[in-house]
Structures are given as structure tokens and as C-alpha cells.
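Novice: Just final.tsv, nothing more (TSV, C-alpha atoms):
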```tsv
chain	number	residue	atom	x	y	z
A	284	MET	CA	13.14	53.69	-19.21
A	285	HIS	CA	14.64	56.20	-16.78
A	286	PHE	CA	17.57	56.73	-19.16
A	287	ALA	CA	15.17	57.51	-22.02
A	288	ILE	CA	13.29	60.07	-19.93
A	289	SER	CA	16.57	61.70	-18.83
A	290	LEU	CA	17.74	61.83	-22.44
A	291	PHE	CA	14.46	63.42	-23.47
A	292	VAL	CA	14.72	66.09	-20.77
A	293	LEU	CA	18.35	66.79	-21.72
A	294	LEU	CA	17.52	67.13	-25.41
A	295	SER	CA	14.48	69.30	-24.70
A	296	SER	CA	16.57	71.57	-22.47
A	297	SER	CA	19.26	71.82	-25.12
A	298	LEU	CA	16.65	72.69	-27.73
A	299	ILE	CA	15.16	75.39	-25.55
A	300	LEU	CA	18.59	76.84	-24.77
A	301	ALA	CA	19.53	76.79	-28.43
A	302	GLN	CA	16.33	78.55	-29.33
A	303	ASP	CA	16.85	81.12	-26.56
A	304	ASP	CA	20.40	81.81	-27.76
A	305	GLY	CA	19.18	82.34	-31.31
A	306	ASN	CA	16.52	84.78	-30.16
A	307	ALA	CA	19.04	86.67	-28.07
A	308	ILE	CA	21.32	87.21	-31.04
A	309	THR	CA	18.76	88.06	-33.68
A	310	GLU	CA	15.09	88.56	-33.23
A	311	LYS	CA	13.15	87.74	-36.37
A	312	PRO	CA	9.46	87.63	-35.37
A	313	ASP	CA	8.28	87.26	-38.91
A	314	GLU	CA	10.29	84.11	-39.65
A	315	THR	CA	9.07	80.56	-38.69
A	316	GLN	CA	11.20	79.08	-35.90
A	317	SER	CA	12.64	75.65	-36.55
A	318	CYS	CA	15.08	73.31	-34.83
A	319	GLN	CA	18.59	72.87	-35.95
A	320	PRO	CA	19.16	69.81	-38.21
A	321	ASP	CA	21.25	67.87	-35.67
A	322	MET	CA	18.74	68.50	-32.89
A	323	CYS	CA	15.83	67.43	-35.09
A	324	ASP	CA	17.61	64.20	-35.90
A	325	LEU	CA	18.17	63.57	-32.20
A	326	LEU	CA	14.52	64.23	-31.43
A	327	MET	CA	13.37	61.89	-34.21
A	328	ALA	CA	15.77	59.22	-33.00
A	329	PHE	CA	14.51	59.71	-29.48
A	330	GLY	CA	10.88	59.34	-30.63
A	331	ALA	CA	11.74	56.11	-32.45
A	332	MET	CA	13.53	54.89	-29.33
A	333	LYS	CA	10.46	55.62	-27.21
A	334	GLU	CA	8.30	53.59	-29.58
A	335	LYS	CA	10.74	50.67	-29.46
A	336	ILE	CA	10.83	50.85	-25.68
A	337	ALA	CA	7.03	50.87	-25.55
A	338	VAL	CA	6.92	47.80	-27.83
A	339	MET	CA	9.53	46.06	-25.67
A	340	GLU	CA	7.58	46.88	-22.49
A	341	THR	CA	4.42	45.45	-24.06
A	342	ARG	CA	6.27	42.29	-25.07
A	343	LEU	CA	7.79	42.00	-21.60
A	344	LYS	CA	4.37	42.33	-20.00
A	345	ASN	CA	3.00	39.67	-22.37
A	346	SER	CA	5.93	37.39	-21.54
A	347	GLU	CA	5.37	37.90	-17.81
A	348	SER	CA	1.68	37.12	-18.26
A	349	ARG	CA	2.47	33.94	-20.20
A	350	LEU	CA	5.00	32.98	-17.54
A	351	ARG	CA	2.42	33.43	-14.79
A	352	ASN	CA	-0.07	31.35	-16.78
A	353	SER	CA	2.58	28.65	-17.24
A	354	GLU	CA	3.33	28.67	-13.51
A	355	THR	CA	-0.39	28.37	-12.76
A	356	ARG	CA	-0.75	25.43	-15.16
A	357	LEU	CA	2.33	23.79	-13.62
A	358	LYS	CA	0.89	24.16	-10.14
A	359	ASN	CA	-2.41	22.68	-11.35
A	360	SER	CA	-0.54	19.78	-12.93
A	361	GLU	CA	1.41	19.19	-9.71
A	362	SER	CA	-1.82	19.29	-7.74
A	363	ARG	CA	-3.44	16.73	-10.06
A	364	LEU	CA	-0.31	14.57	-9.85
A	365	ASN	CA	-0.33	14.69	-6.05
A	366	SER	CA	-4.03	13.81	-6.08
A	367	SER	CA	-3.36	10.85	-8.40
A	368	GLU	CA	-0.50	9.66	-6.20
A	369	SER	CA	-2.74	9.91	-3.13
A	370	ARG	CA	-5.47	7.86	-4.83
A	371	LEU	CA	-2.87	5.29	-5.90
A	372	ARG	CA	-1.57	4.98	-2.33
A	373	ASN	CA	-5.12	4.58	-1.04
A	374	SER	CA	-5.78	1.86	-3.61
A	375	GLU	CA	-2.55	0.08	-2.67
A	376	ASN	CA	-3.44	0.28	1.03
A	377	GLN	CA	-6.93	-1.09	0.35
A	378	LEU	CA	-5.47	-3.95	-1.71
A	379	LEU	CA	-2.95	-4.72	1.05
A	380	GLU	CA	-5.72	-4.67	3.63
A	381	LEU	CA	-7.80	-7.09	1.55
A	382	ARG	CA	-4.80	-9.41	1.17
A	383	ASN	CA	-4.18	-9.31	4.91
A	384	LYS	CA	-7.82	-10.13	5.55
A	385	GLU	CA	-7.61	-13.07	3.17
A	386	ARG	CA	-4.48	-14.33	4.92
A	387	THR	CA	-6.19	-14.15	8.31
A	388	LYS	CA	-9.08	-16.37	7.19
A	389	VAL	CA	-7.80	-19.66	8.59
A	390	ILE	CA	-10.20	-22.62	8.72
A	391	PHE	CA	-9.42	-26.28	8.17
A	392	SER	CA	-10.90	-29.69	8.74
A	393	ALA	CA	-9.48	-33.08	7.71
A	394	ALA	CA	-10.16	-36.78	8.17
A	395	THR	CA	-7.72	-39.70	8.43
A	396	GLY	CA	-8.82	-41.13	5.08
A	397	ALA	CA	-7.52	-44.69	5.46
A	398	GLY	CA	-10.65	-46.30	4.09
A	399	GLY	CA	-12.21	-49.02	6.24
A	400	LYS	CA	-8.94	-49.90	7.94
A	401	HIS	CA	-7.91	-49.05	11.46
A	402	ILE	CA	-4.70	-47.11	12.06
A	403	GLY	CA	-2.33	-48.61	14.64
A	404	PRO	CA	-1.45	-49.86	17.09
A	405	PHE	CA	2.26	-48.91	16.89
A	406	ASN	CA	4.87	-49.51	19.55
A	407	THR	CA	5.78	-45.77	19.68
A	408	ASN	CA	3.94	-42.47	19.45
A	409	LYS	CA	3.24	-41.54	15.83
A	410	THR	CA	2.08	-38.28	14.24
A	411	LEU	CA	-1.34	-38.94	12.79
A	412	ILE	CA	-1.70	-37.69	9.21
A	413	TYR	CA	-5.21	-36.66	8.20
A	414	ARG	CA	-5.00	-37.18	4.46
A	415	THR	CA	-8.55	-36.30	3.39
A	416	VAL	CA	-8.92	-32.52	3.42
A	417	ILE	CA	-12.48	-31.35	3.94
A	418	THR	CA	-11.74	-27.62	4.23
A	419	ASN	CA	-8.41	-25.77	4.17
A	420	ILE	CA	-8.97	-22.03	3.87
A	421	GLY	CA	-5.62	-20.31	4.20
A	422	ASP	CA	-3.64	-23.50	3.42
A	423	ALA	CA	-2.24	-23.63	6.94
A	424	TYR	CA	-2.79	-27.40	7.28
A	425	SER	CA	-0.66	-29.90	5.34
A	426	PRO	CA	-2.24	-33.27	4.42
A	427	HIS	CA	1.28	-34.58	3.72
A	428	THR	CA	2.65	-34.04	7.22
A	429	GLY	CA	-0.51	-33.75	9.32
A	430	ILE	CA	0.83	-30.50	10.81
A	431	PHE	CA	-0.96	-27.17	11.10
A	432	VAL	CA	1.37	-24.13	10.95
A	433	ALA	CA	-0.01	-20.85	12.32
A	434	PRO	CA	0.23	-18.11	9.65
A	435	VAL	CA	-0.49	-15.21	12.04
A	436	ALA	CA	-0.43	-14.55	15.75
A	437	GLY	CA	-3.77	-15.12	17.41
A	438	VAL	CA	-6.10	-17.40	19.34
A	439	TYR	CA	-7.11	-20.60	17.52
A	440	TYR	CA	-9.70	-23.25	18.32
A	441	PHE	CA	-8.89	-26.93	17.68
A	442	THR	CA	-10.97	-30.10	17.95
A	443	ILE	CA	-10.08	-33.80	17.67
A	444	PHE	CA	-12.56	-36.67	17.39
A	445	PHE	CA	-12.06	-40.41	16.90
A	446	HIS	CA	-13.90	-43.66	16.47
A	447	ALA	CA	-12.20	-46.94	17.43
A	448	GLY	CA	-12.92	-50.59	18.20
A	449	GLY	CA	-13.16	-51.65	21.80
A	450	HIS	CA	-10.73	-54.54	21.44
A	451	GLU	CA	-7.71	-52.16	21.51
A	452	ARG	CA	-6.82	-49.05	23.47
A	453	ALA	CA	-7.54	-45.68	21.76
A	454	GLY	CA	-5.62	-42.49	22.45
A	455	LEU	CA	-4.97	-39.18	20.70
A	456	LEU	CA	-2.75	-36.35	21.93
A	457	LEU	CA	-2.83	-32.75	20.62
A	458	TYR	CA	0.55	-30.98	20.66
A	459	LYS	CA	1.58	-27.36	20.29
A	460	ASN	CA	5.16	-27.56	19.08
A	461	ASN	CA	6.58	-30.09	21.57
A	462	GLN	CA	4.12	-29.32	24.35
A	463	LEU	CA	1.17	-31.59	25.09
A	464	MET	CA	-2.10	-29.65	25.18
A	465	ILE	CA	-5.05	-32.04	25.37
A	466	VAL	CA	-5.73	-35.80	25.32
A	467	THR	CA	-8.68	-38.00	24.40
A	468	GLY	CA	-8.94	-41.80	24.48
A	469	ASP	CA	-10.56	-44.93	25.85
A	470	HIS	CA	-9.40	-48.15	27.49
A	471	ARG	CA	-9.53	-51.59	25.96
A	472	THR	CA	-12.63	-53.57	26.90
A	473	GLU	CA	-14.22	-56.81	25.85
A	474	ALA	CA	-17.72	-55.63	26.68
A	475	ASP	CA	-17.64	-52.51	24.50
A	476	THR	CA	-17.18	-53.24	20.80
A	477	ALA	CA	-16.73	-49.57	19.71
A	478	ASP	CA	-15.43	-46.39	21.28
A	479	ASN	CA	-15.82	-42.69	20.43
A	480	GLY	CA	-14.08	-39.71	21.95
A	481	GLY	CA	-13.02	-36.16	21.42
A	482	ASN	CA	-11.61	-33.02	22.95
A	483	ALA	CA	-11.11	-29.33	22.12
A	484	ALA	CA	-9.00	-26.36	23.18
A	485	PHE	CA	-8.28	-22.69	22.53
A	486	LEU	CA	-4.58	-22.15	21.84
A	487	GLN	CA	-2.68	-18.87	21.63
A	488	LEU	CA	-0.17	-19.19	18.79
A	489	GLN	CA	2.61	-17.19	17.20
A	490	PRO	CA	3.43	-17.29	13.48
A	491	GLY	CA	5.20	-20.57	12.72
A	492	ASP	CA	3.87	-22.51	15.73
A	493	HIS	CA	3.04	-26.14	14.92
A	494	VAL	CA	-0.12	-27.94	16.04
A	495	TYR	CA	-0.54	-31.65	15.33
A	496	VAL	CA	-2.13	-34.85	16.62
A	497	VAL	CA	-0.18	-37.86	17.86
A	498	LEU	CA	-1.53	-41.39	17.97
A	499	ALA	CA	-0.39	-42.75	21.34
A	500	ALA	CA	1.76	-45.87	21.43
A	501	ASN	CA	-0.15	-49.16	21.53
A	502	SER	CA	-3.41	-47.48	20.54
A	503	HIS	CA	-5.50	-47.29	17.39
A	504	VAL	CA	-8.32	-45.34	15.70
A	505	TRP	CA	-10.70	-46.14	12.90
A	506	GLY	CA	-9.42	-44.71	9.61
A	507	THR	CA	-12.54	-43.75	7.66
A	508	ASN	CA	-13.28	-40.40	6.03
A	509	HIS	CA	-16.11	-39.73	8.47
A	510	HIS	CA	-15.15	-40.70	12.03
A	511	THR	CA	-11.66	-39.54	12.97
A	512	THR	CA	-11.11	-35.85	12.29
A	513	PHE	CA	-8.86	-32.91	13.13
A	514	SER	CA	-10.20	-29.34	12.77
A	515	GLY	CA	-9.29	-25.79	13.70
A	516	PHE	CA	-9.81	-22.13	12.87
A	517	LEU	CA	-8.55	-18.68	13.82
A	518	VAL	CA	-10.82	-17.09	16.41
A	519	THR	CA	-9.12	-13.70	16.67
A	520	GLN	CA	-5.88	-12.19	15.46
A	521	MET	CA	-3.54	-10.60	18.01
```
Kindly transcribe the structure held in the file into C-alpha cells.
Specialist:
Amino acid sequence: MHFAISLFVLLSSSLILAQDDGNAITEKPDETQSCQPDMCDLLMAFGAMKEKIAVMETRLKNSESRLRNSETRLKNSESRLNSSESRLRNSENQLLELRNKERTKVIFSAATGAGGKHIGPFNTNKTLIYRTVITNIGDAYSPHTGIFVAPVAGVYYFTIFFHAGGHERAGLLLYKNNQLMIVTGDHRTEADTADNGGNAAFLQLQPGDHVYVVLAANSHVWGTNHHTTFSGFLVTQM
């Protein structure tokens, strides 16, 4: 653009000088002044060049405007994408939170389930398997092994109850891993034909800790679906 203006000034100056030189040599006031053929061609070419430059400037401005519009649309698209990603992360976090809440719902209750038969006595301690599952939310208790496995760290509450005949000793022991926690039982007696007992405890557990009931050696319990039970639930997660 600056080159075109400079060229125009140069050509105009040359035209004026040429006209001045002609007037200095011969003054013909009655004749119509006109430019020399070469100079006229240059001026016409310069005019055409100015028009082309103006068209190019207009196109450039239009291109810059379209570019700015494209940049604005791109920024809007990026903003919408970031918003969508944020909503997706929030949804994933909510789903994970719901899954964690479901995992921390731990409640179970089971009975020995040996019909009308008594279980024991045995000459050694024996893990008592409660085969009839009444409730097992969280699937932390196994009716195949009789063992409860803590899924999360927290404080749990456990209860054990039994019914037994008085003609034999009764005794149940609740263990956390290999550590004895609580005991319930009754002595053998000829005067008392039936015995009932129970106990309960709050236990602080870590994930993977085992809790189970052991039938003491030389003792028995009644094996119905209603009398001898083992139950527990998560009180609070830690």
C-alpha cells in the first residue's frame, strides 16, 4: 500500500514536471493540455493497480473476519467440550460414590441349618458353619466356610445365640482371625433339659479380617434353622 502511494506521488510529480517543461519551452494557451502517451499509460496502470489493491484489502479484511469468527466458534466448541467432560467426570464420581455406598452396606444373619439334629460334640474345636443364610447384604459371609470377611475398615457388631440340650455341655467361641473375642455356653446338667445362651461384641476390623464361630471341644448345639444363629453388620466405616 505504501509502495502504491509512493509510486502515485512519483508519477504525479513527473507529470507536473513534464507539463512545466512543456510550458517553459512553448506556451500555447489556446491548445488543450494533455499528458504524454507513456505517462497516461502509467497513470491508467496505476489506477487499475489501486483498484486491485482495494479489492485485495477488502478480501483480506473478509478473511480476517472469517478467521476471527472461526476462532470464536472453536473457543465455544472447546468450552462446550470442557463442560461435557466436567459433567462426565461428575457422573463418574457420583456412580463411584454409589458403588462405594453399596459396598459398605454389610449386614448378614445365618442359622446352622442342620434340621432337627444336634451338632457335636467333637473331641476338638470345630469351626461352626451356618449353612442357612437369612440375610447377606454385601456377600461378606460365606455359608460354605462359616467365615465372615470384612470388606472395608470399620466397626462391626456381631451376635451369637444357641439352643442346646442340657445333657451335654454347650459352648461357642467368637474369633477375630486367631484371637478369641467372646464366649457363650452352659454346663452339663441332669436337672435342666435345655439350655440357651448368647453374647455380642463390637469389633474394629480391617479389610480382609476374618470373624467366625467355633464350637468348643466336647460341646454341642441344637442345629435347627431357628435357634442357633450368627449375625453381624457394619456400624460405621473408618
Novice: Rounded to one decimal, what separation in Å do you get between CA of Gly480 in chain A and CA of Leu455 in chain A?
Specialist: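 These atoms are spaced 9.2 Å apart.
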Novice: What is the distance between CA of Ile417 in chain A and CA of Gly515 in chain A, in Å to one decimal?
Specialist: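 CA of Gly515 in chain A lies at a distance of 11.7 Å from CA of Ile417 in chain A.
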Novice: Using all atoms listed in the file, which of A:Thr428, A:Asn408, A:Ser514, A:Asn419 sits nearest Asn501 in chain A?
Specialist: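 Smallest distance to Asn501 in chain A is found for A:Asn408.
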Novice: Could you jot down the CA of Val435 in chain A to CA of Val518 in chain A separation for me, Å, one decimal place?
Specialist: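 Separating CA of Val435 in chain A from CA of Val518 in chain A is a distance of 11.4 Å.
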Novice: Using all atoms listed in the file, give me every residue within 8 Å of (-1.8, -25.0, 13.7) in file coordinates, as an NGL selection string.
Specialist: :A and (423-424 or 430-433 or 439 or 459 or 488 or 492-495 or 515)
Novice: If the box runs along x, y and z of the file and leaves 4 Å on each side of range 349-364 of chain A, what are its centre and edge lengths in Å, one decimal, as JSON?
Specialist:
```
{"center_x": 0.8, "center_y": 24.3, "center_z": -14.0, "size_x": 16.4, "size_y": 27.4, "size_z": 20.5}
```
